[in-house]
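Content type mmCIF, C-alpha atoms, from the file query-v3.cif:
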data_model
#
loop_
_atom_site.label_atom_id
_atom_site.label_comp_id
_atom_site.auth_asym_id
_atom_site.auth_seq_id
_atom_site.Cartn_x
_atom_site.Cartn_y
_atom_site.Cartn_z
CA MET A 1 43.72 63.79 102.89
CA THR A 2 46.50 62.97 105.29
CA PHE A 3 49.62 61.00 104.38
CA PHE A 4 48.44 58.11 106.59
CA SER A 5 45.17 57.45 104.80
CA GLY A 6 43.39 54.18 104.07
CA THR A 7 41.87 51.34 106.03
CA GLY A 8 44.97 50.76 108.14
CA SER A 9 45.71 54.45 108.79
CA ALA A 10 45.53 54.19 112.59
CA VAL A 11 47.89 51.23 112.67
CA THR A 12 50.14 52.88 110.09
CA ALA A 13 50.42 55.99 112.26
CA LYS A 14 51.29 53.82 115.29
CA ILE A 15 53.98 52.09 113.22
CA PHE A 16 55.38 55.45 112.17
CA LYS A 17 55.48 56.66 115.78
CA ALA A 18 57.21 53.45 116.88
CA MET A 19 59.61 53.71 113.95
CA LEU A 20 60.57 57.26 114.95
CA THR A 21 61.13 56.13 118.53
CA VAL A 22 63.25 53.14 117.60
CA GLY A 23 65.01 55.05 114.82
CA SER A 24 66.04 57.99 116.99
CA LEU A 25 67.28 55.70 119.77
CA SER A 26 69.04 53.45 117.27
CA LEU A 27 70.74 56.51 115.82
CA ILE A 28 72.21 57.23 119.24
CA VAL A 29 73.30 53.61 119.60
CA ARG A 30 74.89 53.51 116.16
CA ALA A 31 76.68 56.80 116.80
CA VAL A 32 78.23 55.29 119.92
CA ASP A 33 79.02 52.12 117.98
CA ALA A 34 80.68 54.19 115.25
CA LEU A 35 83.10 55.58 117.81
CA ILE A 36 84.38 52.05 118.34
CA TYR A 37 85.51 51.73 114.76
CA LEU A 38 86.85 55.27 114.62
CA LEU A 39 89.05 54.35 117.58
CA ALA A 40 89.94 50.98 116.08
CA ALA A 41 90.94 52.63 112.80
CA ALA A 42 93.27 55.04 114.60
CA LEU A 43 94.72 52.35 116.87
CA PHE A 44 95.03 49.41 114.47
CA GLY A 45 94.47 50.76 110.94
CA ALA A 46 93.41 48.29 108.24
CA GLY A 47 96.11 45.70 108.89
CA ASP A 48 96.72 42.25 110.28
CA GLU A 49 95.39 42.83 113.81
CA MET A 50 92.00 44.01 112.59
CA ASP A 51 91.87 41.22 110.00
CA ALA A 52 92.46 38.68 112.79
CA LEU A 53 89.81 40.22 115.04
CA LEU A 54 87.19 40.31 112.28
CA ILE A 55 87.72 36.67 111.34
CA ALA A 56 87.65 35.71 115.05
CA LEU A 57 84.31 37.51 115.36
CA ILE A 58 82.73 36.16 112.23
CA VAL A 59 81.52 32.77 113.51
CA PRO A 60 80.13 33.99 116.89
CA VAL A 61 78.33 36.88 115.14
CA PHE A 62 77.06 34.47 112.47
CA LEU A 63 75.51 32.19 115.12
CA ILE A 64 74.09 35.14 117.10
CA ASN A 65 72.34 36.42 113.98
CA ILE A 66 70.99 32.97 113.12
CA PHE A 67 69.52 32.44 116.57
CA SER A 68 68.16 35.93 117.11
CA GLY A 69 66.74 36.19 113.58
CA ALA A 70 64.98 32.83 113.77
CA PHE A 71 63.75 33.48 117.32
CA HIS A 72 62.41 36.93 116.52
CA THR A 73 60.38 35.90 113.47
CA SER A 74 59.08 32.59 114.86
CA PHE A 75 58.38 33.61 118.47
CA ILE A 76 56.84 37.09 118.17
CA PRO A 77 53.69 36.14 116.16
CA ALA A 78 53.07 33.16 118.48
CA TYR A 79 53.67 35.25 121.60
CA ILE A 80 51.26 37.96 120.44
CA LYS A 81 48.64 35.28 119.76
CA VAL A 82 49.12 33.72 123.22
CA ARG A 83 49.07 37.13 124.86
CA ASN A 84 45.83 38.02 123.07
CA ASP A 85 44.24 34.66 123.95
CA HIS A 86 45.53 34.44 127.54
CA GLY A 87 46.60 37.94 128.48
CA GLY A 88 43.41 39.19 130.06
CA PRO A 89 42.91 40.52 133.57
CA ASP A 90 42.31 37.05 134.98
CA GLU A 91 45.32 35.70 136.89
CA SER A 92 45.12 32.27 135.21
CA GLU A 93 45.26 33.91 131.78
CA ARG A 94 48.41 35.85 132.67
CA VAL A 95 50.01 32.70 134.06
CA ALA A 96 49.33 30.90 130.77
CA SER A 97 51.27 33.46 128.73
CA GLN A 98 54.08 33.52 131.31
CA ARG A 99 54.39 29.74 131.18
CA PHE A 100 54.56 29.84 127.40
CA PHE A 101 57.42 32.32 127.57
CA ALA A 102 59.27 30.32 130.24
CA SER A 103 59.06 27.16 128.11
CA VAL A 104 60.36 29.00 125.04
CA MET A 105 63.19 30.32 127.20
CA MET A 106 64.05 26.78 128.27
CA LEU A 107 64.35 25.60 124.67
CA GLY A 108 66.28 28.71 123.63
CA ALA A 109 68.76 28.52 126.52
CA ALA A 110 69.37 24.81 125.92
CA LEU A 111 70.07 25.44 122.23
CA LEU A 112 72.44 28.30 123.06
CA ILE A 113 74.44 26.20 125.51
CA VAL A 114 74.82 23.47 122.88
CA LEU A 115 75.91 26.03 120.26
CA THR A 116 78.45 27.59 122.63
CA LEU A 117 79.99 24.22 123.47
CA ALA A 118 80.05 23.21 119.80
CA LEU A 119 81.76 26.49 118.89
CA SER A 120 84.40 25.97 121.58
CA LEU A 121 85.22 22.50 120.26
CA SER A 122 85.17 23.33 116.55
CA GLY A 123 86.88 26.73 116.48
CA SER A 124 90.40 25.41 115.91
CA TYR A 125 89.17 23.60 112.80
CA LEU A 126 87.01 26.40 111.42
CA LEU A 127 89.41 29.34 111.68
CA PRO A 128 92.02 28.03 109.18
CA ILE A 129 89.18 27.76 106.65
CA PHE A 130 87.85 31.29 107.15
CA GLY A 131 91.34 32.77 107.43
CA SER A 132 92.75 30.75 104.56
CA GLY A 133 95.02 33.57 103.42
CA PHE A 134 96.53 34.18 106.87
CA ASN A 135 100.13 33.32 107.77
CA PRO A 136 100.74 31.14 110.90
CA LEU A 137 101.32 34.07 113.28
CA LYS A 138 98.21 35.86 112.12
CA LEU A 139 96.18 32.67 112.41
CA GLN A 140 97.44 32.11 115.98
CA LEU A 141 96.35 35.64 116.92
CA THR A 142 92.93 34.89 115.41
CA ARG A 143 92.60 31.75 117.55
CA SER A 144 93.50 33.61 120.76
CA LEU A 145 90.93 36.33 120.07
CA PHE A 146 88.32 33.75 119.09
CA PHE A 147 88.37 31.95 122.45
CA ILE A 148 87.94 35.25 124.31
CA LEU A 149 84.90 36.07 122.14
CA ILE A 150 83.08 32.71 122.43
CA PRO A 151 80.96 33.71 125.52
CA THR A 152 79.46 36.58 123.51
CA LEU A 153 77.41 33.98 121.64
CA LEU A 154 75.49 33.13 124.82
CA PHE A 155 75.36 36.65 126.27
CA SER A 156 74.33 38.49 123.08
CA SER A 157 71.80 35.86 121.98
CA LEU A 158 70.00 35.97 125.33
CA ALA A 159 70.05 39.77 125.19
CA ARG A 160 68.50 39.79 121.72
CA MET A 161 65.90 37.23 122.77
CA TRP A 162 64.77 39.43 125.66
CA ALA A 163 64.90 42.53 123.46
CA ALA A 164 62.54 40.83 120.98
CA VAL A 165 60.07 40.15 123.78
CA LEU A 166 60.19 43.78 124.91
CA ASN A 167 59.53 44.87 121.32
CA ALA A 168 56.53 42.52 121.14
CA ALA A 169 55.19 44.24 124.26
CA GLU A 170 55.76 47.59 122.45
CA LYS A 171 58.44 48.54 125.02
CA PHE A 172 60.84 49.75 122.37
CA LYS A 173 63.09 52.13 124.29
CA LEU A 174 65.11 49.75 126.46
CA ALA A 175 65.49 47.21 123.66
CA ALA A 176 66.70 49.93 121.27
CA LEU A 177 69.14 51.56 123.71
CA SER A 178 70.64 48.42 125.28
CA PRO A 179 73.33 47.83 122.61
CA ALA A 180 74.87 51.17 123.62
CA ILE A 181 75.82 49.58 126.95
CA LYS A 182 78.12 47.11 125.23
CA SER A 183 79.55 49.83 122.98
CA ILE A 184 80.34 52.20 125.85
CA ILE A 185 82.12 49.46 127.80
CA LEU A 186 84.07 48.46 124.68
CA ILE A 187 85.13 52.07 124.09
CA GLY A 188 86.32 52.23 127.69
CA PHE A 189 88.47 49.13 127.16
CA LEU A 190 89.96 50.58 123.96
CA LEU A 191 90.79 53.93 125.56
CA THR A 192 92.32 52.49 128.71
CA MET A 193 93.72 49.06 127.83
CA ALA A 194 94.64 49.16 124.11
CA PRO A 195 98.09 50.69 124.82
CA TYR A 196 98.85 47.64 126.99
CA TRP A 197 96.80 44.80 125.51
CA GLY A 198 96.63 45.82 121.85
CA ILE A 199 93.83 44.17 119.88
CA TYR A 200 93.00 41.98 122.90
CA ALA A 201 91.40 45.06 124.52
CA PHE A 202 88.77 44.96 121.76
CA ALA A 203 87.95 41.29 122.38
CA TRP A 204 87.75 41.62 126.18
CA GLY A 205 85.68 44.80 125.92
CA MET A 206 83.17 43.07 123.68
CA ALA A 207 82.88 40.04 125.98
CA VAL A 208 82.38 42.13 129.14
CA GLY A 209 80.01 44.55 127.39
CA SER A 210 77.83 41.70 126.09
CA PHE A 211 77.49 40.31 129.60
CA VAL A 212 76.43 43.65 131.09
CA GLU A 213 73.90 44.25 128.27
CA MET A 214 72.38 40.83 128.97
CA VAL A 215 72.00 41.63 132.68
CA VAL A 216 70.27 44.97 131.97
CA LEU A 217 67.76 43.38 129.57
CA ALA A 218 67.09 40.56 132.03
CA ASP A 219 66.03 43.22 134.52
CA GLY A 220 63.78 44.76 131.86
CA ILE A 221 62.08 41.40 131.33
CA ARG A 222 61.60 41.00 135.08
CA ARG A 223 59.89 44.39 135.22
CA GLN A 224 57.39 43.10 132.61
CA ASN A 225 56.43 40.33 135.06
CA LEU A 226 57.94 37.72 132.78
CA PRO A 227 60.22 34.94 134.03
CA VAL A 228 63.94 35.58 133.55
CA TRP A 229 64.91 32.01 134.39
CA PRO A 230 63.77 29.32 131.93
CA ARG A 231 61.36 26.65 133.10
CA TRP A 232 59.66 23.81 131.25
CA HIS A 233 55.85 23.68 131.37
CA GLY A 234 55.23 21.09 128.68
CA MET A 235 54.70 21.08 124.92
CA SER A 236 51.65 23.14 123.93
CA ALA A 237 50.11 23.72 120.50
CA ASP A 238 51.52 27.27 120.46
CA LEU A 239 54.99 26.01 121.34
CA LYS A 240 54.80 23.46 118.53
CA GLN A 241 53.94 26.32 116.17
CA VAL A 242 57.07 28.20 117.28
CA LEU A 243 59.22 25.12 116.62
CA ARG A 244 57.65 24.59 113.18
CA GLN A 245 58.44 28.18 112.23
CA PHE A 246 61.86 28.25 113.92
CA ALA A 247 63.35 25.39 111.89
CA PRO A 248 62.86 26.88 108.37
CA MET A 249 63.68 30.37 109.65
CA ALA A 250 66.92 29.13 111.22
CA ALA A 251 67.82 27.43 107.95
CA GLY A 252 67.07 30.64 106.12
CA SER A 253 69.11 32.65 108.60
CA ILE A 254 72.04 30.29 108.15
CA LEU A 255 71.99 30.85 104.43
CA MET A 256 71.45 34.61 104.70
CA GLY A 257 74.11 34.98 107.39
CA SER A 258 76.46 32.99 105.23
CA THR A 259 76.66 35.99 102.92
CA GLU A 260 78.82 37.97 105.36
CA LEU A 261 80.70 34.82 106.35
CA ILE A 262 81.56 34.06 102.74
CA ASP A 263 82.36 37.69 101.89
CA HIS A 264 84.91 38.01 104.70
CA SER A 265 86.39 34.56 104.05
CA MET A 266 86.84 35.32 100.36
CA ALA A 267 88.28 38.76 101.21
CA ALA A 268 90.88 36.96 103.35
CA MET A 269 92.17 35.36 100.14
CA LEU A 270 93.01 38.75 98.63
CA GLY A 271 95.90 39.69 100.90
CA PRO A 272 96.64 41.68 104.09
CA GLY A 273 94.11 44.35 105.00
CA SER A 274 91.40 43.12 102.63
CA VAL A 275 89.09 41.88 105.39
CA SER A 276 89.49 45.18 107.26
CA THR A 277 88.83 47.19 104.10
CA LEU A 278 85.60 45.33 103.46
CA SER A 279 84.52 45.66 107.10
CA TYR A 280 85.24 49.40 107.45
CA ALA A 281 83.33 50.13 104.24
CA ASN A 282 80.48 47.94 105.38
CA LYS A 283 80.31 49.76 108.73
CA ILE A 284 79.66 53.08 107.00
CA VAL A 285 76.79 51.72 104.91
CA MET A 286 75.46 49.59 107.75
CA PHE A 287 75.23 52.69 109.92
CA VAL A 288 72.46 53.82 107.58
CA LEU A 289 70.99 50.35 107.10
CA VAL A 290 70.92 49.25 110.73
CA VAL A 291 69.33 52.46 112.00
CA SER A 292 66.70 52.57 109.26
CA SER A 293 66.03 48.84 108.86
CA GLY A 294 66.14 48.29 112.61
CA ALA A 295 63.59 51.03 113.15
CA LEU A 296 61.40 49.83 110.30
CA GLY A 297 61.62 46.10 111.02
CA THR A 298 61.22 46.44 114.78
CA ALA A 299 58.28 48.84 114.53
CA VAL A 300 56.38 47.15 111.74
CA PHE A 301 56.64 43.50 112.79
CA PRO A 302 54.28 43.46 115.80
CA TYR A 303 51.65 45.35 113.79
CA PHE A 304 52.07 43.15 110.71
CA SER A 305 51.66 40.15 113.01
CA GLN A 306 48.46 41.62 114.44
CA MET A 307 47.05 42.47 111.00
CA ALA A 308 47.96 39.01 109.70
CA ALA A 309 46.22 37.40 112.69
CA ASN A 310 43.12 39.49 111.89
CA GLN A 311 43.47 38.73 108.14
CA ASP A 312 43.39 42.49 107.50
CA ARG A 313 44.44 42.41 103.86
CA ARG A 314 43.48 46.03 103.16
CA GLY A 315 45.46 47.30 106.14
CA ILE A 316 48.54 45.33 105.08
CA ILE A 317 48.38 46.65 101.52
CA ASP A 318 47.98 50.27 102.68
CA THR A 319 50.92 49.90 105.05
CA LEU A 320 53.10 48.35 102.35
CA LYS A 321 52.35 51.17 99.89
CA ILE A 322 53.07 53.95 102.37
CA TYR A 323 56.32 52.55 103.68
CA SER A 324 57.57 51.54 100.24
CA ARG A 325 57.26 55.18 99.19
CA LEU A 326 59.00 56.36 102.36
CA ILE A 327 61.86 53.91 101.83
CA ILE A 328 62.43 55.05 98.25
CA LEU A 329 62.26 58.74 99.16
CA PHE A 330 64.80 58.18 101.94
CA SER A 331 67.19 55.74 100.29
CA LEU A 332 67.82 57.23 96.84
CA PRO A 333 69.35 60.53 98.09
CA VAL A 334 71.45 58.63 100.66
CA THR A 335 72.77 56.33 97.91
CA ALA A 336 73.70 59.34 95.77
CA LEU A 337 75.50 61.03 98.67
CA LEU A 338 77.52 57.90 99.46
CA TYR A 339 78.49 57.50 95.81
CA TYR A 340 79.69 61.08 95.25
CA PHE A 341 81.15 61.83 98.69
CA SER A 342 82.60 58.49 99.78
CA LEU A 343 86.23 59.68 99.62
CA PRO A 344 85.90 62.78 101.84
CA LEU A 345 83.59 60.85 104.16
CA VAL A 346 86.12 58.05 104.72
CA ARG A 347 88.93 60.59 105.08
CA ILE A 348 87.05 62.53 107.78
CA LEU A 349 85.98 59.41 109.65
CA PHE A 350 89.07 57.23 109.60
CA GLU A 351 92.24 58.85 108.23
CA ARG A 352 94.33 59.33 111.36
CA GLY A 353 96.83 57.37 113.44
CA ALA A 354 97.56 53.97 111.87
CA PHE A 355 95.00 54.56 109.10
CA THR A 356 96.72 55.68 105.86
CA ILE A 357 95.62 57.53 102.69
CA HIS A 358 95.98 54.24 100.79
CA ASP A 359 93.43 52.69 103.16
CA THR A 360 91.12 55.67 102.60
CA ARG A 361 91.09 55.29 98.81
CA GLN A 362 90.44 51.57 98.91
CA ILE A 363 87.61 51.83 101.41
CA ALA A 364 85.98 54.79 99.62
CA THR A 365 85.72 52.75 96.42
CA VAL A 366 83.98 49.94 98.27
CA VAL A 367 81.61 52.37 100.05
CA SER A 368 80.53 53.98 96.75
CA ILE A 369 79.47 50.54 95.45
CA TYR A 370 77.98 49.23 98.69
CA GLY A 371 75.58 52.19 98.83
CA PHE A 372 73.53 50.86 95.93
CA GLN A 373 72.16 48.05 98.10
CA ILE A 374 70.29 50.41 100.46
CA THR A 375 66.95 50.62 98.61
CA PHE A 376 66.72 46.89 97.91
CA TYR A 377 67.84 46.01 101.44
CA LEU A 378 65.23 48.18 103.16
CA LEU A 379 62.37 47.08 100.91
CA SER A 380 63.40 43.46 101.47
CA ILE A 381 63.43 43.93 105.27
CA MET A 382 59.83 45.12 105.19
CA GLU A 383 58.82 42.20 102.97
CA VAL A 384 60.67 39.70 105.17
CA ARG A 385 58.80 40.95 108.25
CA LEU A 386 55.44 40.65 106.50
CA ILE A 387 56.20 37.18 105.12
CA SER A 388 57.17 36.06 108.62
CA ALA A 389 53.98 37.53 110.07
CA LEU A 390 52.04 35.57 107.42
CA ARG A 391 53.81 32.36 108.59
CA GLY A 392 55.66 32.05 105.29
CA ASN A 393 59.17 31.49 106.63
CA HIS A 394 59.74 28.67 104.14
CA ILE A 395 59.71 31.39 101.44
CA LEU A 396 62.62 33.09 103.19
CA MET A 397 64.49 29.80 103.30
CA VAL A 398 64.05 29.32 99.55
CA SER A 399 65.13 32.91 98.94
CA THR A 400 68.38 32.47 100.80
CA MET A 401 69.01 29.07 99.19
CA ILE A 402 69.00 30.94 95.89
CA SER A 403 71.01 33.90 97.17
CA LEU A 404 73.87 31.93 98.71
CA PRO A 405 75.24 30.24 95.55
CA LEU A 406 74.69 33.47 93.61
CA ASN A 407 76.77 35.35 96.17
CA ILE A 408 79.63 32.85 95.89
CA LEU A 409 79.49 32.93 92.09
CA PHE A 410 79.36 36.74 91.86
CA ASN A 411 82.13 37.12 94.45
CA TYR A 412 84.37 34.75 92.55
CA ILE A 413 83.77 36.53 89.24
CA PHE A 414 84.03 40.14 90.37
CA MET A 415 86.83 39.87 92.95
CA HIS A 416 89.22 38.65 90.26
CA PHE A 417 88.64 41.87 88.28
CA MET A 418 87.91 44.41 91.02
CA GLY A 419 89.40 43.00 94.23
CA VAL A 420 87.46 43.83 97.42
CA ALA A 421 85.19 46.21 95.47
CA GLY A 422 83.99 43.20 93.47
CA ILE A 423 82.66 41.61 96.65
CA ALA A 424 80.65 44.79 97.31
CA LEU A 425 79.20 44.70 93.79
CA SER A 426 78.22 41.06 94.33
CA THR A 427 76.31 42.04 97.49
CA VAL A 428 74.32 44.70 95.61
CA LEU A 429 73.28 42.24 92.89
CA VAL A 430 72.30 39.57 95.42
CA TYR A 431 70.02 41.99 97.31
CA LEU A 432 68.44 43.16 94.07
CA LEU A 433 67.59 39.62 92.99
CA ALA A 434 66.39 38.70 96.51
CA PHE A 435 64.04 41.71 96.50
CA VAL A 436 62.53 40.68 93.15
CA PHE A 437 61.97 37.12 94.37
CA LEU A 438 60.42 38.20 97.70
CA THR A 439 58.09 40.65 95.97
CA VAL A 440 56.71 37.97 93.65
CA MET A 441 56.28 35.43 96.47
CA LEU A 442 54.69 37.98 98.81
CA PHE A 443 51.95 38.88 96.38
CA LYS A 444 51.22 35.19 95.87
CA ARG A 445 50.97 34.80 99.65
CA MET A 446 48.67 37.81 99.98
CA VAL A 447 46.13 36.25 97.65
CA ARG A 448 45.42 33.64 100.37
CA LEU A 449 44.23 36.29 102.82
CA ILE A 450 40.52 36.93 103.08
CA PRO A 451 39.85 40.26 101.31
#
As structure tokens, the full file:
Amino acid sequence: MTFFSGTGSAVTAKIFKAMLTVGSLSLIVRAVDALIYLLAAALFGAGDEMDALLIALIVPVFLINIFSGAFHTSFIPAYIKVRNDHGGPDESERVASQRFFASVMMLGAALLIVLTLALSLSGSYLLPIFGSGFNPLKLQLTRSLFFILIPTLLFSSLARMWAAVLNAAEKFKLAALSPAIKSIILIGFLLTMAPYWGIYAFAWGMAVGSFVEMVVLADGIRRQNLPVWPRWHGMSADLKQVLRQFAPMAAGSILMGSTELIDHSMAAMLGPGSVSTLSYANKIVMFVLVVSSGALGTAVFPYFSQMAANQDRRGIIDTLKIYSRLIILFSLPVTALLYYFSLPLVRILFERGAFTIHDTRQIATVVSIYGFQITFYLLSIMEVRLISALRGNHILMVSTMISLPLNILFNYIFMHFMGVAGIALSTVLVYLLAFVFLTVMLFKRMVRLIP
């Protein structure tokens, strides 16, 4: 008996192959991305400049994640359905799927323009809230960086939208590698301009890199014979389905994304360097999480969508069992390594230049706690993808409506006793409870499938 046995073994093997492809490419991307923060640690340490940059980034990144998360989980199942129904060799069938994509692009681009304008107008009012512990000079620096970073909302969201479409077409390589473009450009700005521009080199590098990444992915979409420029072709039944799924998913993404927003805002209350400490620690753990969850979520979602469309209950169950075992076998040793070796790891990665031994000790403590979220996070990602494929995005909205107040409550309790480490402990507990809730709701949803 092979490891990939069961009714859905062929699909499971395809998922595994796609996961290896995306995972290996994502590892390269994350390695390049890690260099950014190694450079930033040496150049700026864990002080006021990095705090200001991270708070300036928090709202644009929050909106990017909301849009891309909601788009990915609402559009991909509908696009696969349209492609299956109208993607045959006949020219009229191909035109139908292209028109559907162009109409979705029109709605997405319009929403992004509105969000970008709203962000430009509201930034001066939002930043004092998120940087509530900042002094006036630090807050002014945050504002200046914020207005440089605003265009990344439009550029990065369009890039992620096109990457999602390439993933749906099982063209994983370009979508997985494209973030490295932004990272390489940002590294170039830090190496050449940081001595002259300081922290502004980081902001300008991110803005320029996001634009170039968007252009490269637009070319990738063009090569798939899909329209790069949005165009309205009317409201179809499939488009209405996307909108019905997008609204609850966006609401859920707002609540889920609020976790990082709240964590950084509450860290800003703890004093200078607290936001940077939380962010550096999070980057170490997220290196593991983004590579593994990105590979898993990206690879599994198109196939879950196909199995859900075919009501292949047995295939879904087999896939869930296999990848749950793989996640546990992978995550538990990684968690143990992060717990026992966090101090030497942080010292090797960051302790140079403006980064001090005091910074190392603080960040290592946070890393050792953050690592306990890995198993629950990865299992939840797989469940989220399946729930979305089963058109159960309202479940995700309810989950995050529960998680958000719990995160605020746990943060408030633990940060008063443990400082920044308490915020990390809160995150672990929130992911644990979210996993339990999603597991229960998923099995209830599965009962509705035809056996």
* Residues near Met266 in chain A, cut-off 8 Å, all atoms listed in the file, skip fewer than 3 positions along chain, as a list in words ->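 The residues that qualify are Phe130, Ile262, Asp263, Met269, Leu270 and Asn411 of chain A.
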* To do: Any chance you could resolve the PyMOL selection byres ((chain A and resi 42) around 7) against this file and give the residues as an MDAnalysis selection string?
  => chainID A and resid 38:41 43:45 350 352:355
As JSON, please: the centre and edge lengths in Å, to one decimal, of an axis-aligned box enclosing every listed atom of range 401-406 of chain A with 4 Å added on each side.
{"center_x": 72.1, "center_y": 31.5, "center_z": 96.4, "size_x": 14.2, "size_y": 12.8, "size_z": 13.6}
* Calculate how many Å separate CA of Phe437 in chain A from CA of Ile381 in chain A, rounding to one decimal. =>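 According to the coordinates, CA of Phe437 in chain A and CA of Ile381 in chain A are separated by 12.9 Å.
Here CA of Arg361 in chain A and CA of Val420 in chain A stand 12.1 Å from one another.
Proximity of A:Ile369, A:Leu54, A:Met161, A:Leu226 to Gln98 in chain A, computed with only C-alpha atoms, is greatest for A:Leu226.
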* **Residue nearest Ser274 in chain A - candidates A:Pro405, A:Gly371, A:Gly205, A:Gly422, atoms counted: all atoms listed in the file** =>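 Under the stated criterion, the closest residue is A:Gly422.
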* Could you list the residues chosen by the PyMOL selection byres ((chain A and resi 210) around 9) in this structure as a PyMOL selection string? => chain A and resi 151-156+159+179+181-183+205-209+211-215
* Tell me, as a PyMOL selection string, which residues lie within 9 Å of range 217-221 of chain A, counting only C-alpha atoms; anything in the same chain fewer than 3 positions away does not count. => chain A and resi 158-160+162-163+165-166+174-175+178+212-214+224-228
* How many Å lie between CA of Phe376 in chain A and CA of Phe435 in chain A, rounded to one decimal? ->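 Atom-to-atom, CA of Phe376 in chain A to CA of Phe435 in chain A, that is 6.0 Å.
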* If I put a ball of radius 12 Å at (75.3, 48.4, 100.1) in the file's coordinates, which residues poke into it when counting all atoms listed in the file, written as a PyMOL selection string? -> chain A and resi 278-279+281-290+331+334-336+338-339+365-378+421+423-432
* Of the residues A:Leu112, A:Ala164, A:Ala201, A:Val242, which is the one nearest to Gly188 in chain A, using all atoms listed in the file? ->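 Closest residue, counting all atoms listed in the file: A:Ala201.
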* Would you kindly return, as a list in words, each protein, DNA or RNA residue with an atom no farther than 8 Å from any atom of Leu149 in chain A, considering only C-alpha atoms and excluding same-chain residues fewer than 6 positions away? => Ala56, Leu57, Pro60, Ala203, Trp204, Met206 and Ala207 of chain A
